[in-house]
file start-v3.txt (compact mmCIF, C-alpha atoms)
# COMPACT_ATOMS: atom_id res chain seq x y z
CA MET A 27 -52.52 89.90 -56.54
CA GLU A 28 -51.13 86.57 -57.75
CA GLY A 29 -50.05 87.87 -61.16
CA ASP A 30 -48.33 90.87 -59.60
CA ILE A 31 -45.49 88.67 -58.39
CA PHE A 32 -44.28 88.18 -61.95
CA SER A 33 -45.58 91.40 -63.50
CA GLY A 34 -42.11 92.93 -63.62
CA PHE A 35 -38.54 91.88 -62.99
CA GLY A 36 -36.83 95.13 -62.06
CA ASN A 37 -36.25 96.07 -65.68
CA GLY A 38 -39.93 96.54 -66.45
CA THR A 39 -40.25 93.27 -68.37
CA GLN A 40 -43.84 92.06 -68.49
CA VAL A 41 -44.47 88.34 -68.34
CA ASP A 42 -47.00 86.76 -70.67
CA GLY A 43 -50.02 85.07 -69.05
CA LYS A 44 -49.28 81.87 -70.97
CA VAL A 45 -45.77 81.80 -69.49
CA LEU A 46 -47.24 82.17 -66.01
CA GLN A 47 -49.66 79.31 -66.66
CA THR A 48 -46.76 77.12 -67.78
CA PHE A 49 -44.78 77.97 -64.65
CA GLN A 50 -47.80 77.37 -62.42
CA LYS A 51 -48.49 73.99 -64.05
CA SER A 52 -44.86 72.92 -63.72
CA PHE A 53 -44.60 74.01 -60.09
CA VAL A 54 -47.79 72.11 -59.26
CA GLN A 55 -46.34 69.00 -60.92
CA VAL A 56 -43.07 69.38 -59.02
CA GLN A 57 -44.89 69.84 -55.71
CA GLY A 58 -46.97 66.72 -56.36
CA ILE A 59 -43.85 64.66 -57.06
CA LEU A 60 -42.10 66.05 -53.97
CA ASP A 61 -45.14 65.18 -51.84
CA GLN A 62 -45.07 61.65 -53.26
CA ASN A 63 -41.33 61.44 -52.52
CA ARG A 64 -41.95 62.38 -48.90
CA LEU A 65 -44.37 59.45 -48.59
CA LEU A 66 -41.92 57.11 -50.32
CA ILE A 67 -39.09 58.13 -48.01
CA ASN A 68 -41.27 57.59 -44.96
CA GLU A 69 -42.22 54.12 -46.17
CA ILE A 70 -38.60 53.29 -47.02
CA ASN A 71 -37.52 54.35 -43.52
CA GLN A 72 -40.27 52.31 -41.86
CA ASN A 73 -39.36 49.25 -43.90
CA HIS A 74 -35.70 49.69 -43.06
CA GLU A 75 -36.38 50.05 -39.35
CA SER A 76 -38.60 46.96 -39.33
CA LYS A 77 -35.75 44.78 -40.65
CA ILE A 78 -38.39 42.40 -42.03
CA PRO A 79 -36.94 40.72 -45.15
CA ASP A 80 -40.05 41.28 -47.28
CA ASN A 81 -40.10 44.98 -46.34
CA LEU A 82 -36.41 45.34 -47.10
CA SER A 83 -36.96 43.70 -50.50
CA ARG A 84 -39.83 46.09 -51.17
CA ASN A 85 -37.45 49.01 -50.57
CA VAL A 86 -35.58 48.16 -53.76
CA GLY A 87 -38.63 49.05 -55.85
CA LEU A 88 -39.47 52.05 -53.69
CA ILE A 89 -35.96 53.46 -54.05
CA ARG A 90 -36.14 52.99 -57.82
CA GLU A 91 -39.44 54.87 -57.85
CA LEU A 92 -37.90 57.62 -55.73
CA ASN A 93 -34.93 57.91 -58.12
CA ASN A 94 -37.26 58.13 -61.12
CA ASN A 95 -39.27 60.85 -59.38
CA ILE A 96 -36.10 62.82 -58.70
CA ARG A 97 -35.19 62.57 -62.40
CA ARG A 98 -38.65 63.88 -63.29
CA VAL A 99 -38.22 66.86 -60.95
CA VAL A 100 -34.81 67.65 -62.48
CA ASP A 101 -36.32 67.46 -65.97
CA LEU A 102 -39.23 69.72 -64.99
CA TYR A 103 -36.86 72.31 -63.52
CA ALA A 104 -34.66 72.14 -66.63
CA ASP A 105 -37.73 72.73 -68.81
CA LEU A 106 -38.81 75.60 -66.56
CA SER A 107 -35.38 77.17 -66.80
CA SER A 108 -35.38 76.91 -70.59
CA SER A 109 -38.89 78.32 -70.85
CA PHE A 110 -38.03 81.20 -68.55
CA THR A 111 -34.86 82.00 -70.49
CA ARG A 112 -36.71 81.90 -73.81
CA SER A 113 -39.49 84.13 -72.51
CA MET A 114 -37.01 86.66 -71.10
CA GLU A 115 -35.01 86.69 -74.33
CA ALA A 116 -38.18 87.15 -76.36
CA SER A 117 -39.49 89.93 -74.15
CA SER A 118 -36.16 91.76 -74.10
CA GLU A 119 -35.71 91.71 -77.88
CA GLY A 120 -37.57 94.98 -78.18
CA ASP A 121 -36.01 96.52 -75.07
CA SER A 122 -32.67 97.66 -76.48
CA ALA A 123 -30.80 98.14 -79.70
CA GLY A 124 -27.62 96.43 -78.50
CA THR A 125 -28.07 92.98 -77.00
CA PHE A 126 -25.97 89.98 -76.15
CA LYS A 127 -26.76 86.60 -77.62
CA SER A 128 -26.58 83.49 -75.45
CA ASP A 129 -23.07 82.86 -76.82
CA GLY A 130 -21.94 86.14 -75.23
CA LYS A 131 -21.38 87.94 -78.53
CA ALA A 132 -22.92 91.34 -79.00
CA SER A 133 -25.40 91.91 -81.76
CA GLN A 134 -26.56 95.30 -82.91
CA LYS A 135 -30.10 95.91 -84.05
CA ARG A 136 -30.70 98.76 -86.39
CA ILE A 137 -33.43 101.11 -85.35
CA ARG A 138 -35.07 102.80 -88.29
CA SER A 139 -36.12 106.36 -87.79
CA GLY A 140 -39.37 107.78 -88.83
call {"tool": "encode", "arguments": {"input": "start-v3.txt", "output": "structure tokens"}}
result
Amino acid sequence: MEGDIFSGFGNGTQVDGKVLQTFQKSFVQVQGILDQNRLLINEINQNHESKIPDNLSRNVGLIRELNNNIRRVVDLYADLSSSFTRSMEASSEGDSAGTFKSDGKASQKRIRSG
């Protein structure tokens, strides 16, 4: 099943359906941008090979668009990484009494009995 891929990460952590939807949406966006980049690169190469001045001038704008798309992909992956880290931290909060914060310092949670 599709959801089974992320249902556990070796330590038994369950991933929230909302988190999966966020990942799916982001990956679809990234794939769309990468597909667009492939088309841009093909056009840039064709223009370059043609050596026609108008085509070479057009490449300036196409390369700018390509650079902007690459920035968008980097931003999407950064957001994905942050979301994943937050979701793992949130899901592991109840997993153990002793945990490490993102600054590397240990924190102890008190478990109340009874």
call {"tool": "atom_distance", "arguments": {"input": "start-v3.txt", "atom1": "atom CA of A:Ile59", "atom2": "atom CA of A:Phe110"}}
result
21.0 Å
call {"tool": "atom_distance", "arguments": {"input": "start-v3.txt", "atom1": "atom CA of A:Val56", "atom2": "atom CA of A:Leu102"}}
result
7.1 Å
call {"tool": "atom_distance", "arguments": {"input": "start-v3.txt", "atom1": "atom CA of A:Leu88", "atom2": "atom CA of A:Asn63"}}
result
9.6 Å
call {"tool": "residues_around", "arguments": {"input": "start-v3.txt", "residues": "A:Phe49", "least_positions_apart": "6", "cutoff": "12 Å", "atoms": "only C-alpha atoms", "output": "ChimeraX atom specification"}}
result
/A:29,32,41-43,55-56,102-110,113
call {"tool": "build_atoms", "arguments": {"input": "start-v3.txt", "residues": "stretch 82-96 of chain A", "atoms": "N, CA and C atoms", "output": "compact mmCIF listing (two decimals), keeping the file's coordinate frame"}}
result
# COMPACT_ATOMS: atom_id res chain seq x y z
N LEU A 82 -37.69 44.91 -46.57
CA LEU A 82 -36.41 45.34 -47.10
C LEU A 82 -36.34 45.09 -48.61
N SER A 83 -36.91 43.99 -49.06
CA SER A 83 -36.96 43.70 -50.50
C SER A 83 -37.84 44.73 -51.22
N ARG A 84 -38.92 45.10 -50.59
CA ARG A 84 -39.83 46.09 -51.17
C ARG A 84 -39.12 47.44 -51.35
N ASN A 85 -38.17 47.73 -50.47
CA ASN A 85 -37.45 49.01 -50.57
C ASN A 85 -36.71 49.17 -51.88
N VAL A 86 -36.29 48.07 -52.47
CA VAL A 86 -35.58 48.16 -53.76
C VAL A 86 -36.46 48.87 -54.78
N GLY A 87 -37.70 48.44 -54.90
CA GLY A 87 -38.63 49.05 -55.85
C GLY A 87 -38.98 50.48 -55.46
N LEU A 88 -39.14 50.71 -54.15
CA LEU A 88 -39.47 52.05 -53.69
C LEU A 88 -38.34 53.03 -53.97
N ILE A 89 -37.11 52.59 -53.78
CA ILE A 89 -35.96 53.46 -54.05
C ILE A 89 -35.84 53.74 -55.54
N ARG A 90 -36.13 52.75 -56.36
CA ARG A 90 -36.14 52.99 -57.82
C ARG A 90 -37.19 54.04 -58.19
N GLU A 91 -38.38 53.91 -57.59
CA GLU A 91 -39.44 54.87 -57.85
C GLU A 91 -39.01 56.27 -57.40
N LEU A 92 -38.39 56.35 -56.25
CA LEU A 92 -37.90 57.62 -55.73
C LEU A 92 -36.87 58.23 -56.69
N ASN A 93 -35.94 57.42 -57.17
CA ASN A 93 -34.93 57.91 -58.12
C ASN A 93 -35.57 58.42 -59.41
N ASN A 94 -36.56 57.69 -59.91
CA ASN A 94 -37.26 58.13 -61.12
C ASN A 94 -37.98 59.46 -60.88
N ASN A 95 -38.58 59.59 -59.71
CA ASN A 95 -39.27 60.85 -59.38
C ASN A 95 -38.28 62.01 -59.33
N ILE A 96 -37.12 61.77 -58.77
CA ILE A 96 -36.10 62.82 -58.70
C ILE A 96 -35.68 63.23 -60.10
